[in-house]
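Peer 1: Sharing a structure below in structure tokens format, with a few things to ask.
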Amino acid sequence: MHTSFEHLPDFDLARRLRYAGITSATSRYLKLFWPAARLALPGILDAFYKHVDSEPHLARLTSGQQTRLKGAQAKHWERLFSGKFDESYVQGVYRVGLAHKKIDLSPRWYIAGYQFVLNRLVRTAIITWFWNPYLLWRTLEAINKAVMLDMDLAIFAYQNAIEQEKRHQEEAIIASVGVGLKALAQGDLTHRVTTELTGPLAQLKLDFNYAVPELEKTLAALIGSIDTISTGAHEIEQASNDLAHRTESQAANLEETAAAFEQIAATLNTTAQNAGRASEVVVKTRSAAQQSGKIVEATISAMGEIEQSSKQITDIIGVIDEIAFQTNLLALNAGVEAARAGDAGRGFAVVASEVRALAQRSSQAAKEIKSLIGASSNHVGSGVKFVGQSGEALKEIVGEIIEISSLVAEIAEATKQQSIGIQEISTAISQMDQVTQQNAAMVEESTAAAHALAGEADNLSSLVVKFNISQHQASKAVSPQSQAHKVVSLRPRQAGPAALAAPVASAREDWSEF
């Protein structure tokens, strides 16, 4: 018949029994041998677990479980020798195979253990049926068929569990890694494969979960660097703009300063020329003043001579006045004598009267001339005094003019030197203006480069902004210089007793299905 089990895909029990040659006769001979086997089974199982204890790996798996395991195996052998190869039997053996898979008891240990028990069952059969060769042969045949079927079903369950686990792992890895790759393609670097995977597929999980954090750290560092570059680029851009404005303003100020210095230079040049002309005028004025001083001295000398002449004229007028007095006196005497002479002297008296009148007039005129000459002499004296004072003033003026001439000459020379210095400063400022203009051009180029750099940094930021990283890595991205890129092994290899701790723990729970 065709029997199908839900947990045994494509399992045909009837076909297996038929192929193994297990018939009702096989069941009958197994039942017939069971009483002898049941008596020998405790000793066989004791010997079996002593044999198990000789292997450290198996001893660790069965440590503290042997009493329970012996009971479970005794029940299993009882069910086997009952000859009922039905669905319940198959499910029981299948659970044993699954338990072997769960505790990672490979078929080589299972087969070796079966042959240990089988050999002792064969010996028990020989001891039991040695006197009946036919019955011994049929019993050994039945035991061999049953044990081989039992191992076949258990190993089938073991291998089927491996195949199912492999399929589940493949499906899980396809699903989980596929989701992870999809998340990675969408820029989510926080996704990790959390599905439990075993065998070679577990390494793929470890590799994925190792690669993505490394990529996340790299991208976090890249984001931090891009943020730093972007910040620096924008700061450079702002600084370049400020520098461009300041340079432009400086260039304009230098241009204005250069123009102002050119005007100052022109003004100083004009001032120097005017100072030179003023110096020439002062020199001429000094010469004129010196000449005027000489004229004043000559005038003083001439007026002194006039004063002397006036004194001489006064003396002469005094003589004339004396002569008029004497003449008047003589005319008076002559009149007296004419009066004495009478008519004879009348004519002479007239002449004497006229001479006297003339003498009086001369005396009066001499007095007036003397008075005028005295006044003139006084005026000449005042004039001499004033001219002397004017001479002294002219001398002082000449001295001041000489000092002014010296100062004006010094001013003219200083102005000339200032004009030369201002011209040199103007030339230097013009050169500075040219350099500033060149700097302004370079600053414009730097500003354009800074704009381009900021644009590229923004482009990079827009490219990486679609990636999603963890807050921890994002906090590290703030200061990428502080990151310490340490490669930590994500591929642990268990060795020694620690590697067996987990299987032992699970084995203690799963031997019940043996």
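Simple scheme: letters A, B, ... for chains in structure tokens order, numbers from 1 for residues in each chain, numbers from 1 for ligands in the order shown.
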Looking only at alpha helix (DSSP H) from DSSP on the backbone, list the matching residues of range 422-481 of chain A as JSON, numbers by chain.

Peer 2: {"A": [422, 423, 424, 425, 426, 427, 428, 429, 430, 431, 432, 433, 434, 435, 436, 437, 438, 439, 440, 441, 442, 443, 444, 445, 446, 447, 448, 449, 450, 451, 452, 453, 454, 455, 456, 457, 458, 459, 460, 461, 462, 463, 464, 471, 472, 473, 474, 475, 476, 477]}

Peer 1: So that I can see what lies close to Pro213 in chain A, please list as a PyMOL selection string the residues with an atom at most 10 Å from it, counting only C-alpha atoms and leaving out residues fewer than 6 positions away in the same chain.

Peer 2: chain A and resi 189-192+219-220+469-470+473

Peer 1: Please provide as a list in words all residues within 10 Å of Gly399 in chain A, with the sequence filter that same-chain residues fewer than 6 positions apart are discarded (counting only C-alpha atoms).

Peer 2: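 Residues meeting the cut-off are Arg286, Ala289, Gln290, Ala393 and Ser405 of chain A.
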
Peer 1: Find the spatial neighbours of Phe81 in chain A, counting only C-alpha atoms, within a cut-off of 8 Å - ignore same-chain residues fewer than 2 positions away - and output them as a ChimeraX atom specification.

Peer 2: /A:27,30-31,33-34,77-79,83-84

Peer 1: Sorted by chain and rising residue number, which residues of range 148-233 of chain A lie within 9 Å of range 99-117 of chain A, and what are their closest atom pairs and distances in Å to one decimal, counting only C-alpha atoms, as JSON lines?

Peer 2:
```
{"residue": "A:Met151", "atom": "CA", "partner": "A:Ile111", "partner_atom": "CA", "distance": 7.3}
{"residue": "A:Ala154", "atom": "CA", "partner": "A:His100", "partner_atom": "CA", "distance": 8.5}
{"residue": "A:Ile155", "atom": "CA", "partner": "A:Pro107", "partner_atom": "CA", "distance": 6.5}
{"residue": "A:Ala157", "atom": "CA", "partner": "A:Lys101", "partner_atom": "CA", "distance": 8.5}
{"residue": "A:Tyr158", "atom": "CA", "partner": "A:Lys101", "partner_atom": "CA", "distance": 5.5}
{"residue": "A:Gln159", "atom": "CA", "partner": "A:Lys101", "partner_atom": "CA", "distance": 8.4}
{"residue": "A:Ala161", "atom": "CA", "partner": "A:Lys101", "partner_atom": "CA", "distance": 7.1}
{"residue": "A:Ile162", "atom": "CA", "partner": "A:Lys101", "partner_atom": "CA", "distance": 7.6}
```

Peer 1: Suppose we keep C-alpha atoms; can you now write the selection as an mmCIF file, in the first residue's frame?

Peer 2:
```cif
data_model
loop_
_atom_site.group_PDB
_atom_site.id
_atom_site.type_symbol
_atom_site.label_atom_id
_atom_site.label_comp_id
_atom_site.auth_asym_id
_atom_site.auth_seq_id
_atom_site.Cartn_x
_atom_site.Cartn_y
_atom_site.Cartn_z
ATOM 1 C CA MET A 151 19.087 2.685 10.180
ATOM 2 C CA ALA A 154 16.861 7.210 10.798
ATOM 3 C CA ILE A 155 19.551 8.204 8.284
ATOM 4 C CA ALA A 157 15.311 11.484 8.517
ATOM 5 C CA TYR A 158 18.771 12.842 9.295
ATOM 6 C CA GLN A 159 19.499 13.575 5.614
ATOM 7 C CA ALA A 161 16.390 17.232 7.941
ATOM 8 C CA ILE A 162 19.668 18.398 6.469
#
```

Peer 1: Near Val52 in chain A, counting only C-alpha atoms, which residues have an atom at most 9 Å away, once you skip same-chain residues fewer than 6 positions from it, shown as a PDB file with C-alpha atoms, in the first residue's frame?

Peer 2:
```
ATOM      1  CA  LEU A  58      29.966  10.835  22.750  1.00  0.00           C
ATOM      2  CA  ALA A  59      30.649  10.707  26.477  1.00  0.00           C
ATOM      3  CA  THR A  62      25.433  11.324  27.018  1.00  0.00           C
ATOM      4  CA  GLY A 113      26.753   2.152  17.579  1.00  0.00           C
TER       5      GLY A 113
END
```

Peer 1: What's the 12 Å shell around Ala25 in chain A, counting only C-alpha atoms, without same-chain residues fewer than 3 positions away, as a list in words?

Peer 2: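 Listing them by chain and then by number gives Gly21, Ile22, Arg28, Tyr29, Leu30, Lys31, Leu32, Gly83, Lys84, Leu135, Arg138, Thr139, Glu141, Ala142, Ile143, Lys145 and Ala146 of chain A.
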
Peer 1: From the options A:Asn209, A:Thr314, A:Gln263, A:Thr218, which residue's atoms come nearest to Ile422 in chain A, counting only C-alpha atoms?

Peer 2: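 Once distances to Ile422 in chain A are computed over only C-alpha atoms, the minimum belongs to A:Gln263.
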
Peer 1: Please measure the separation of CA of Arg167 in chain A and CA of Ala20 in chain A, giving the value in Å to one decimal.

Peer 2: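 Computing it gives 29.1 Å between the two atoms.
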
Peer 1: Find the residue from A:Ser362, A:Gly388, A:Ala272, A:Ile317 that sits nearest to Met303 in chain A; use only C-alpha atoms when measuring.

Peer 2: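 When distances to Met303 in chain A are compared using only C-alpha atoms, the smallest one comes from A:Gly388.
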